[in-house]
file run_35.cif (mmCIF, C-alpha atoms)
data_protein
loop_
_atom_site.group_PDB
_atom_site.id
_atom_site.type_symbol
_atom_site.label_atom_id
_atom_site.label_comp_id
_atom_site.auth_asym_id
_atom_site.auth_seq_id
_atom_site.Cartn_x
_atom_site.Cartn_y
_atom_site.Cartn_z
ATOM 1 C CA LYS A 1 -129.513 27.407 50.514
ATOM 2 C CA ASN A 2 -129.944 23.709 51.296
ATOM 3 C CA GLU A 3 -128.370 21.268 48.885
ATOM 4 C CA VAL A 4 -131.611 19.291 48.806
ATOM 5 C CA GLU A 5 -134.971 21.007 48.627
ATOM 6 C CA GLN A 6 -138.300 19.239 48.820
ATOM 7 C CA SER A 7 -141.707 20.555 47.894
ATOM 8 C CA PRO A 8 -144.269 20.853 49.148
ATOM 9 C CA GLN A 9 -143.403 20.772 52.854
ATOM 10 C CA ASN A 10 -146.915 19.633 53.680
ATOM 11 C CA LEU A 11 -149.503 17.996 51.470
ATOM 12 C CA THR A 12 -153.064 16.992 52.225
ATOM 13 C CA ALA A 13 -154.994 14.824 49.804
ATOM 14 C CA GLN A 14 -158.214 12.861 49.577
ATOM 15 C CA GLU A 15 -158.123 9.115 49.273
ATOM 16 C CA GLY A 16 -157.713 8.077 45.666
ATOM 17 C CA GLU A 17 -155.877 11.188 44.510
ATOM 18 C CA PHE A 18 -152.644 11.107 42.543
ATOM 19 C CA ILE A 19 -149.790 12.523 44.634
ATOM 20 C CA THR A 20 -146.539 14.096 43.492
ATOM 21 C CA ILE A 21 -143.680 15.056 45.790
ATOM 22 C CA ASN A 22 -140.701 16.887 44.373
ATOM 23 C CA CYS A 23 -137.014 16.919 45.212
ATOM 24 C CA SER A 24 -134.467 19.305 43.713
ATOM 25 C CA TYR A 25 -130.763 19.292 44.419
ATOM 26 C CA SER A 26 -127.919 21.624 43.588
ATOM 27 C CA VAL A 27 -124.901 19.330 43.463
ATOM 28 C CA GLY A 28 -123.634 16.523 41.296
ATOM 29 C CA ILE A 29 -124.807 13.221 42.630
ATOM 30 C CA SER A 30 -124.221 9.524 42.122
ATOM 31 C CA ALA A 31 -127.684 8.445 43.264
ATOM 32 C CA LEU A 32 -130.849 9.600 44.961
ATOM 33 C CA HIS A 33 -132.890 7.874 47.646
ATOM 34 C CA TRP A 34 -136.506 8.152 48.713
ATOM 35 C CA LEU A 35 -137.398 7.190 52.267
ATOM 36 C CA GLN A 36 -140.716 6.934 54.064
ATOM 37 C CA GLN A 37 -141.071 7.766 57.738
ATOM 38 C CA HIS A 38 -144.244 6.472 59.341
ATOM 39 C CA PRO A 39 -146.164 8.470 61.942
ATOM 40 C CA GLY A 40 -144.701 6.196 64.606
ATOM 41 C CA GLY A 41 -141.199 7.209 63.521
ATOM 42 C CA GLY A 42 -140.011 4.119 61.676
ATOM 43 C CA ILE A 43 -138.061 4.742 58.472
ATOM 44 C CA VAL A 44 -138.273 2.566 55.385
ATOM 45 C CA SER A 45 -136.122 2.830 52.293
ATOM 46 C CA LEU A 46 -138.380 3.084 49.239
ATOM 47 C CA PHE A 47 -136.147 3.641 46.228
ATOM 48 C CA MET A 48 -132.604 4.193 45.161
ATOM 49 C CA LEU A 49 -132.170 5.499 41.639
ATOM 50 C CA SER A 50 -129.500 7.074 39.502
ATOM 51 C CA SER A 51 -131.444 7.412 36.259
ATOM 52 C CA GLY A 52 -134.848 6.905 34.724
ATOM 53 C CA LYS A 53 -137.748 5.540 36.684
ATOM 54 C CA LYS A 54 -138.541 2.862 39.230
ATOM 55 C CA LYS A 55 -141.912 1.471 40.237
ATOM 56 C CA HIS A 56 -143.008 -0.477 43.267
ATOM 57 C CA GLY A 57 -146.702 -1.090 43.636
ATOM 58 C CA ARG A 58 -148.464 2.276 43.646
ATOM 59 C CA LEU A 59 -145.219 4.187 44.076
ATOM 60 C CA ILE A 60 -143.210 5.546 41.172
ATOM 61 C CA ALA A 61 -139.937 7.445 41.436
ATOM 62 C CA THR A 62 -138.357 9.357 38.573
ATOM 63 C CA ILE A 63 -135.143 11.275 38.246
ATOM 64 C CA ASN A 64 -133.836 13.766 35.709
ATOM 65 C CA ILE A 65 -130.108 14.088 36.199
ATOM 66 C CA GLN A 66 -129.731 17.037 33.811
ATOM 67 C CA GLU A 67 -132.404 19.045 35.606
ATOM 68 C CA LYS A 68 -131.257 17.861 39.063
ATOM 69 C CA HIS A 69 -134.777 16.879 39.963
ATOM 70 C CA SER A 70 -136.648 13.830 41.183
ATOM 71 C CA SER A 71 -140.309 13.138 41.784
ATOM 72 C CA LEU A 72 -142.114 10.579 43.874
ATOM 73 C CA HIS A 73 -145.613 9.733 42.692
ATOM 74 C CA ILE A 74 -148.296 7.828 44.533
ATOM 75 C CA THR A 75 -151.223 6.560 42.522
ATOM 76 C CA ALA A 76 -154.622 5.888 44.087
ATOM 77 C CA SER A 77 -153.481 7.289 47.429
ATOM 78 C CA HIS A 78 -154.710 5.708 50.629
ATOM 79 C CA PRO A 79 -154.757 6.900 54.248
ATOM 80 C CA ARG A 80 -152.014 4.387 55.042
ATOM 81 C CA ASP A 81 -149.731 6.376 52.710
ATOM 82 C CA SER A 82 -149.795 9.181 55.284
ATOM 83 C CA ALA A 83 -146.175 9.642 56.261
ATOM 84 C CA VAL A 84 -143.181 11.906 55.838
ATOM 85 C CA TYR A 85 -141.333 11.287 52.586
ATOM 86 C CA ILE A 86 -137.655 12.131 52.623
ATOM 87 C CA CYS A 87 -135.350 12.624 49.661
ATOM 88 C CA ALA A 88 -131.609 12.061 50.069
ATOM 89 C CA VAL A 89 -128.787 12.455 47.578
ATOM 90 C CA ARG A 90 -125.398 10.811 47.456
ATOM 91 C CA ARG A 91 -122.765 13.283 46.442
ATOM 92 C CA PRO A 92 -119.037 12.717 45.987
ATOM 93 C CA GLN A 93 -116.884 14.034 48.791
ATOM 94 C CA GLY A 94 -113.142 13.591 49.041
ATOM 95 C CA GLY A 95 -112.902 10.212 47.370
ATOM 96 C CA SER A 96 -115.989 8.971 49.146
ATOM 97 C CA GLU A 97 -119.651 9.908 49.172
ATOM 98 C CA LYS A 98 -121.819 11.904 51.505
ATOM 99 C CA LEU A 99 -125.524 11.375 52.022
ATOM 100 C CA VAL A 100 -127.442 14.645 52.240
ATOM 101 C CA PHE A 101 -131.108 14.687 53.263
ATOM 102 C CA GLY A 102 -134.008 16.952 52.454
ATOM 103 C CA LYS A 103 -136.271 18.149 55.254
ATOM 104 C CA GLY A 104 -139.096 15.891 54.157
ATOM 105 C CA THR A 105 -142.639 16.264 52.866
ATOM 106 C CA LYS A 106 -145.437 15.455 55.262
ATOM 107 C CA LEU A 107 -148.296 13.752 53.433
ATOM 108 C CA THR A 108 -151.734 13.329 54.942
ATOM 109 C CA VAL A 109 -154.307 11.316 53.016
ATOM 110 C CA ASN A 110 -157.833 11.684 54.308
ATOM 111 C CA PRO A 111 -160.477 8.988 53.830
ATOM 112 C CA ASP B 1 -134.181 -11.816 61.180
ATOM 113 C CA ALA B 2 -135.551 -9.367 63.734
ATOM 114 C CA GLY B 3 -134.321 -6.357 61.831
ATOM 115 C CA VAL B 4 -132.076 -3.669 63.244
ATOM 116 C CA ILE B 5 -132.412 -3.516 67.021
ATOM 117 C CA GLN B 6 -131.781 -0.384 69.027
ATOM 118 C CA SER B 7 -131.799 0.180 72.739
ATOM 119 C CA PRO B 8 -133.001 1.923 74.681
ATOM 120 C CA ARG B 9 -136.055 3.183 72.801
ATOM 121 C CA HIS B 10 -136.313 6.197 75.058
ATOM 122 C CA GLU B 11 -133.706 7.846 77.221
ATOM 123 C CA VAL B 12 -134.149 10.815 79.499
ATOM 124 C CA THR B 13 -131.069 12.121 81.203
ATOM 125 C CA GLU B 14 -129.702 15.240 82.790
ATOM 126 C CA MET B 15 -127.179 17.551 81.260
ATOM 127 C CA GLY B 16 -123.648 16.396 81.895
ATOM 128 C CA GLN B 17 -124.473 12.709 82.115
ATOM 129 C CA GLU B 18 -123.007 10.089 79.843
ATOM 130 C CA VAL B 19 -125.413 8.499 77.373
ATOM 131 C CA THR B 20 -124.811 5.242 75.512
ATOM 132 C CA LEU B 21 -127.020 4.169 72.640
ATOM 133 C CA ARG B 22 -126.815 0.635 71.319
ATOM 134 C CA CYS B 23 -127.425 -0.987 67.969
ATOM 135 C CA LYS B 24 -127.490 -4.533 66.647
ATOM 136 C CA PRO B 25 -127.440 -4.600 62.835
ATOM 137 C CA ILE B 26 -128.971 -7.241 60.626
ATOM 138 C CA SER B 27 -126.742 -10.282 60.405
ATOM 139 C CA GLY B 28 -124.690 -10.295 57.225
ATOM 140 C CA HIS B 29 -124.862 -6.553 56.681
ATOM 141 C CA ASP B 30 -121.387 -5.098 56.326
ATOM 142 C CA TYR B 31 -122.360 -1.442 56.724
ATOM 143 C CA LEU B 32 -123.713 0.273 59.803
ATOM 144 C CA PHE B 33 -124.845 3.884 59.974
ATOM 145 C CA TRP B 34 -125.713 6.217 62.831
ATOM 146 C CA TYR B 35 -128.123 9.082 62.106
ATOM 147 C CA ARG B 36 -129.575 11.892 64.147
ATOM 148 C CA GLN B 37 -132.950 13.473 63.446
ATOM 149 C CA THR B 38 -134.159 16.811 64.804
ATOM 150 C CA MET B 39 -136.994 19.093 63.815
ATOM 151 C CA MET B 40 -134.569 21.853 62.875
ATOM 152 C CA ARG B 41 -132.002 19.893 60.881
ATOM 153 C CA GLY B 42 -133.872 16.802 59.749
ATOM 154 C CA LEU B 43 -131.897 13.598 59.264
ATOM 155 C CA GLU B 44 -128.111 13.806 59.450
ATOM 156 C CA LEU B 45 -125.556 11.071 58.981
ATOM 157 C CA LEU B 46 -123.190 11.018 61.934
ATOM 158 C CA ILE B 47 -120.856 8.132 61.129
ATOM 159 C CA TYR B 48 -120.762 4.873 59.255
ATOM 160 C CA PHE B 49 -118.779 1.662 59.585
ATOM 161 C CA ASN B 50 -117.742 -0.938 57.049
ATOM 162 C CA ASN B 51 -116.789 -4.333 58.440
ATOM 163 C CA ASN B 52 -116.571 -2.795 61.919
ATOM 164 C CA VAL B 53 -114.151 -0.059 60.796
ATOM 165 C CA PRO B 54 -115.249 3.598 60.980
ATOM 166 C CA ILE B 55 -115.106 4.985 57.452
ATOM 167 C CA ASP B 56 -116.570 8.480 57.635
ATOM 168 C CA ASP B 57 -117.141 10.291 60.902
ATOM 169 C CA SER B 58 -117.315 13.773 59.402
ATOM 170 C CA GLY B 59 -120.885 14.128 60.591
ATOM 171 C CA MET B 60 -120.051 13.639 64.250
ATOM 172 C CA PRO B 61 -120.830 17.042 65.738
ATOM 173 C CA GLU B 62 -118.006 17.312 68.249
ATOM 174 C CA ASP B 63 -115.643 15.416 70.490
ATOM 175 C CA ARG B 64 -118.383 14.692 72.976
ATOM 176 C CA PHE B 65 -119.676 12.119 70.495
ATOM 177 C CA SER B 66 -117.941 8.815 69.918
ATOM 178 C CA ALA B 67 -118.969 5.595 68.196
ATOM 179 C CA LYS B 68 -117.547 2.110 68.299
ATOM 180 C CA MET B 69 -118.221 -1.184 66.617
ATOM 181 C CA PRO B 70 -116.322 -3.890 68.514
ATOM 182 C CA ASN B 71 -117.803 -6.679 66.412
ATOM 183 C CA ALA B 72 -120.132 -7.283 63.486
ATOM 184 C CA SER B 73 -123.216 -7.536 65.658
ATOM 185 C CA PHE B 74 -122.913 -4.548 67.959
ATOM 186 C CA SER B 75 -122.274 -0.824 67.864
ATOM 187 C CA THR B 76 -122.518 1.976 70.386
ATOM 188 C CA LEU B 77 -122.899 5.719 70.121
ATOM 189 C CA LYS B 78 -121.768 7.545 73.227
ATOM 190 C CA ILE B 79 -122.294 11.152 74.241
ATOM 191 C CA GLN B 80 -120.209 12.428 77.130
ATOM 192 C CA PRO B 81 -121.077 14.864 78.553
ATOM 193 C CA SER B 82 -124.591 15.234 77.190
ATOM 194 C CA GLU B 83 -126.174 18.636 76.553
ATOM 195 C CA PRO B 84 -129.804 19.672 75.977
ATOM 196 C CA ARG B 85 -129.061 20.372 72.309
ATOM 197 C CA ASP B 86 -128.263 16.681 71.861
ATOM 198 C CA SER B 87 -131.957 15.911 72.310
ATOM 199 C CA ALA B 88 -133.032 14.125 69.147
ATOM 200 C CA VAL B 89 -133.998 10.759 67.733
ATOM 201 C CA TYR B 90 -130.959 8.658 66.931
ATOM 202 C CA PHE B 91 -131.345 6.000 64.265
ATOM 203 C CA CYS B 92 -129.101 3.114 63.443
ATOM 204 C CA ALA B 93 -129.286 1.508 60.001
ATOM 205 C CA SER B 94 -127.490 -1.322 58.260
ATOM 206 C CA SER B 95 -127.059 -2.400 54.672
ATOM 207 C CA VAL B 96 -125.349 -5.002 52.571
ATOM 208 C CA ARG B 97 -123.657 -2.413 50.375
ATOM 209 C CA ARG B 98 -122.705 1.110 51.380
ATOM 210 C CA TYR B 99 -125.710 3.182 50.405
ATOM 211 C CA ASN B 100 -127.939 0.579 48.857
ATOM 212 C CA GLU B 101 -131.172 -0.313 50.583
ATOM 213 C CA GLN B 102 -130.713 0.564 54.223
ATOM 214 C CA PHE B 103 -132.730 -1.019 56.981
ATOM 215 C CA PHE B 104 -133.428 1.330 59.836
ATOM 216 C CA GLY B 105 -133.886 0.541 63.473
ATOM 217 C CA PRO B 106 -136.816 2.005 65.416
ATOM 218 C CA GLY B 107 -134.682 4.815 66.813
ATOM 219 C CA THR B 108 -133.794 6.009 70.293
ATOM 220 C CA ARG B 109 -135.513 9.171 71.442
ATOM 221 C CA LEU B 110 -133.034 11.040 73.635
ATOM 222 C CA THR B 111 -134.083 13.868 75.886
ATOM 223 C CA VAL B 112 -131.389 15.760 77.764
ATOM 224 C CA LEU B 113 -132.785 18.001 80.484
#

call {"tool": "encode", "arguments": {"input": "run_35.cif", "output": "structure tokens"}}
result
Amino acid sequence: KNEVEQSPQNLTAQEGEFITINCSYSVGISALHWLQQHPGGGIVSLFMLSSGKKKHGRLIATINIQEKHSSLHITASHPRDSAVYICAVRRPQGGSEKLVFGKGTKLTVNP
Amino acid sequence: DAGVIQSPRHEVTEMGQEVTLRCKPISGHDYLFWYRQTMMRGLELLIYFNNNVPIDDSGMPEDRFSAKMPNASFSTLKIQPSEPRDSAVYFCASSVRRYNEQFFGPGTRLTVL
């Protein structure tokens, strides 16, 4: 079983819809990251969070440490939000930390 | 700043050849990361440097892979000899602090025939 599981793997939405992407993990972590990978391949760091909620524009990320779960929400989705969204967790390893990635959720927003 | 720069953007080579991927991090960033992305395994951290010193290379798949950072503005990832299973997109990223906001380069798409 992967340490980081994302759901759904693929998501298709109509413009304007509210989107939720989920990330569950099975290990203790120090922080969780959300990344966005554009269709052209470029990767952008969206959020880093260790508790609570963060908001940036139409994007909202939440984390529940007790439940080992994070969600990424997109309000009023737009075709330009079409991308792969990747969750990554930082877990302690031998005095340091290791970054472990989920397989990503491919989002397609249709006009 | 131009962001993280990687070269080449695409590389096609034959099995057994040596491949060198290059990365220039953002000036002032003390951390540099090398990642590999494949359809099967997704994104994987290969190695990261802090102030030009390799800190964690536990993700480097085998001895055929090596990475260096001779100065703060340049790093290389070398594969020798290359194998078809090394075909992937290799990303370089840099950050001010270890795992805080990372800035990714455009990636190098490597195809080993």

call {"tool": "resolve_selection", "arguments": {"input": "run_35.cif", "expression": "the PyMOL selection byres ((chain B and resi 26-36) around 10)", "output": "compact mmCIF listing (two decimals) with C-alpha atoms, in the coordinates of the input"}}
result
# COMPACT_ATOMS: atom_id res chain seq x y z
CA ASP B 1 -134.18 -11.82 61.18
CA ALA B 2 -135.55 -9.37 63.73
CA GLY B 3 -134.32 -6.36 61.83
CA VAL B 4 -132.08 -3.67 63.24
CA ILE B 5 -132.41 -3.52 67.02
CA CYS B 23 -127.42 -0.99 67.97
CA LYS B 24 -127.49 -4.53 66.65
CA PRO B 25 -127.44 -4.60 62.84
CA GLN B 37 -132.95 13.47 63.45
CA THR B 38 -134.16 16.81 64.80
CA ARG B 41 -132.00 19.89 60.88
CA GLY B 42 -133.87 16.80 59.75
CA LEU B 43 -131.90 13.60 59.26
CA GLU B 44 -128.11 13.81 59.45
CA LEU B 45 -125.56 11.07 58.98
CA LEU B 46 -123.19 11.02 61.93
CA ILE B 47 -120.86 8.13 61.13
CA TYR B 48 -120.76 4.87 59.26
CA PHE B 49 -118.78 1.66 59.58
CA ASN B 50 -117.74 -0.94 57.05
CA ASN B 51 -116.79 -4.33 58.44
CA ASN B 52 -116.57 -2.80 61.92
CA VAL B 53 -114.15 -0.06 60.80
CA PRO B 54 -115.25 3.60 60.98
CA ILE B 55 -115.11 4.99 57.45
CA ASP B 56 -116.57 8.48 57.64
CA ASP B 57 -117.14 10.29 60.90
CA GLY B 59 -120.88 14.13 60.59
CA MET B 60 -120.05 13.64 64.25
CA ALA B 67 -118.97 5.60 68.20
CA MET B 69 -118.22 -1.18 66.62
CA ALA B 72 -120.13 -7.28 63.49
CA SER B 73 -123.22 -7.54 65.66
CA PHE B 74 -122.91 -4.55 67.96
CA SER B 75 -122.27 -0.82 67.86
CA THR B 76 -122.52 1.98 70.39
CA LEU B 77 -122.90 5.72 70.12
CA ASP B 86 -128.26 16.68 71.86
CA SER B 87 -131.96 15.91 72.31
CA ALA B 88 -133.03 14.12 69.15
CA VAL B 89 -134.00 10.76 67.73
CA TYR B 90 -130.96 8.66 66.93
CA PHE B 91 -131.34 6.00 64.26
CA CYS B 92 -129.10 3.11 63.44
CA ALA B 93 -129.29 1.51 60.00
CA SER B 94 -127.49 -1.32 58.26
CA SER B 95 -127.06 -2.40 54.67
CA VAL B 96 -125.35 -5.00 52.57
CA ARG B 97 -123.66 -2.41 50.38
CA ARG B 98 -122.70 1.11 51.38
CA TYR B 99 -125.71 3.18 50.40
CA ASN B 100 -127.94 0.58 48.86
CA GLN B 102 -130.71 0.56 54.22
CA PHE B 103 -132.73 -1.02 56.98
CA PHE B 104 -133.43 1.33 59.84
CA GLY B 105 -133.89 0.54 63.47
CA GLY B 107 -134.68 4.82 66.81
CA THR B 108 -133.79 6.01 70.29
CA ARG B 109 -135.51 9.17 71.44

call {"tool": "resolve_selection", "arguments": {"input": "run_35.cif", "expression": "the PyMOL selection byres ((chain A and resi 84-99) around 6)", "output": "ChimeraX atom specification"}}
result
/A:29-37,83,100-102,104-107

call {"tool": "closest_residue", "arguments": {"input": "run_35.cif", "among": "A:Lys55, A:Ser77, A:Thr108, A:Leu72", "to": "Glu17 (chain A)", "atoms": "only C-alpha atoms"}}
result
A:Ser77

call {"tool": "atom_distance", "arguments": {"input": "run_35.cif", "atom1": "CA of Thr62 (chain A)", "atom2": "CA of Ile74 (chain A)"}}
result
11.7 Å

call {"tool": "closest_residue", "arguments": {"input": "run_35.cif", "among": "B:Leu110, B:Met40, B:Leu21, B:Met15", "to": "Glu83 (chain B)", "atoms": "all atoms listed in the file"}}
result
B:Met15

call {"tool": "axis_aligned_box", "arguments": {"input": "run_35.cif", "around": "region 73-85 of chain A", "padding_each_side": "4 Å", "output": "JSON"}}
result
{"center_x": -148.0, "center_y": 8.1, "center_z": 49.4, "size_x": 21.4, "size_y": 15.5, "size_z": 21.7}

call {"tool": "interface_residues", "arguments": {"input": "run_35.cif", "of": "chain A", "to": "chain B", "cutoff": "7 Å", "atoms": "only C-alpha atoms", "output": "JSON, numbers by chain"}}
result
{"A": [42, 43, 44, 45, 48, 99, 101, 103]}

call {"tool": "atom_distance", "arguments": {"input": "run_35.cif", "atom1": "CA of Gly57 (chain A)", "atom2": "CA of Gln9 (chain A)"}}
result
24.0 Å

call {"tool": "residues_near_point", "arguments": {"input": "run_35.cif", "point": "(-125.2, 6.6, 79.8)", "cutoff": "12 Å", "atoms": "all atoms listed in the file", "output": "list in words"}}
result
Ser7, Pro8, Glu11, Val12, Thr13, Glu14, Met15, Gly16, Gln17, Glu18, Val19, Thr20, Leu21, Arg22, Thr76, Leu77, Lys78, Ile79, Gln80, Pro81, Ser82, Leu110 and Val112 of chain B

call {"tool": "residues_near_point", "arguments": {"input": "run_35.cif", "point": "(-148.6, 20.9, 48.0)", "cutoff": "12 Å", "atoms": "only C-alpha atoms", "output": "list in words"}}
result
Gln6, Ser7, Pro8, Gln9, Asn10, Leu11, Thr12, Ala13, Phe18, Ile19, Thr20, Ile21, Asn22, Thr105, Lys106, Leu107 and Thr108 of chain A

call {"tool": "atom_distance", "arguments": {"input": "run_35.cif", "atom1": "CA of Pro39 (chain A)", "atom2": "CA of Gly16 (chain A)"}}
result
20.0 Å

call {"tool": "build_atoms", "arguments": {"input": "run_35.cif", "residues": "region 87-102 of chain A", "atoms": "N, CA and C atoms", "output": "PDB file, in the coordinates of the input"}}
result
ATOM      1  N   CYS A  87    -136.265  12.789  50.792  1.00  0.00           N
ATOM      2  CA  CYS A  87    -135.350  12.624  49.661  1.00  0.00           C
ATOM      3  C   CYS A  87    -133.924  12.774  50.177  1.00  0.00           C
ATOM      4  N   ALA A  88    -133.015  11.946  49.684  1.00  0.00           N
ATOM      5  CA  ALA A  88    -131.609  12.061  50.069  1.00  0.00           C
ATOM      6  C   ALA A  88    -130.751  11.843  48.828  1.00  0.00           C
ATOM      7  N   VAL A  89    -129.677  12.602  48.721  1.00  0.00           N
ATOM      8  CA  VAL A  89    -128.787  12.455  47.578  1.00  0.00           C
ATOM      9  C   VAL A  89    -127.410  12.020  48.043  1.00  0.00           C
ATOM     10  N   ARG A  90    -126.777  11.216  47.207  1.00  0.00           N
ATOM     11  CA  ARG A  90    -125.398  10.811  47.456  1.00  0.00           C
ATOM     12  C   ARG A  90    -124.501  11.651  46.582  1.00  0.00           C
ATOM     13  N   ARG A  91    -123.664  12.447  47.241  1.00  0.00           N
ATOM     14  CA  ARG A  91    -122.765  13.283  46.442  1.00  0.00           C
ATOM     15  C   ARG A  91    -121.319  12.943  46.777  1.00  0.00           C
ATOM     16  N   PRO A  92    -120.453  13.014  45.755  1.00  0.00           N
ATOM     17  CA  PRO A  92    -119.037  12.717  45.987  1.00  0.00           C
ATOM     18  C   PRO A  92    -118.439  13.704  46.977  1.00  0.00           C
ATOM     19  N   GLN A  93    -117.589  13.171  47.833  1.00  0.00           N
ATOM     20  CA  GLN A  93    -116.884  14.034  48.791  1.00  0.00           C
ATOM     21  C   GLN A  93    -115.550  13.387  49.123  1.00  0.00           C
ATOM     22  N   GLY A  94    -114.485  14.010  48.661  1.00  0.00           N
ATOM     23  CA  GLY A  94    -113.142  13.591  49.041  1.00  0.00           C
ATOM     24  C   GLY A  94    -112.857  12.125  48.818  1.00  0.00           C
ATOM     25  N   GLY A  95    -113.174  11.616  47.654  1.00  0.00           N
ATOM     26  CA  GLY A  95    -112.902  10.212  47.370  1.00  0.00           C
ATOM     27  C   GLY A  95    -113.959   9.268  47.883  1.00  0.00           C
ATOM     28  N   SER A  96    -114.887   9.793  48.649  1.00  0.00           N
ATOM     29  CA  SER A  96    -115.989   8.971  49.146  1.00  0.00           C
ATOM     30  C   SER A  96    -117.312   9.607  48.725  1.00  0.00           C
ATOM     31  N   GLU A  97    -118.340   9.331  49.463  1.00  0.00           N
ATOM     32  CA  GLU A  97    -119.651   9.908  49.172  1.00  0.00           C
ATOM     33  C   GLU A  97    -120.273  10.383  50.469  1.00  0.00           C
ATOM     34  N   LYS A  98    -121.091  11.409  50.353  1.00  0.00           N
ATOM     35  CA  LYS A  98    -121.819  11.904  51.505  1.00  0.00           C
ATOM     36  C   LYS A  98    -123.304  11.835  51.196  1.00  0.00           C
ATOM     37  N   LEU A  99    -124.080  11.442  52.181  1.00  0.00           N
ATOM     38  CA  LEU A  99    -125.524  11.375  52.022  1.00  0.00           C
ATOM     39  C   LEU A  99    -126.127  12.630  52.629  1.00  0.00           C
ATOM     40  N   VAL A 100    -126.855  13.389  51.798  1.00  0.00           N
ATOM     41  CA  VAL A 100    -127.442  14.645  52.240  1.00  0.00           C
ATOM     42  C   VAL A 100    -128.962  14.537  52.116  1.00  0.00           C
ATOM     43  N   PHE A 101    -129.666  14.889  53.189  1.00  0.00           N
ATOM     44  CA  PHE A 101    -131.108  14.687  53.263  1.00  0.00           C
ATOM     45  C   PHE A 101    -131.876  15.988  53.072  1.00  0.00           C
ATOM     46  N   GLY A 102    -133.048  15.867  52.444  1.00  0.00           N
ATOM     47  CA  GLY A 102    -134.008  16.952  52.454  1.00  0.00           C
ATOM     48  C   GLY A 102    -134.751  16.964  53.774  1.00  0.00           C
TER      49      GLY A 102
END
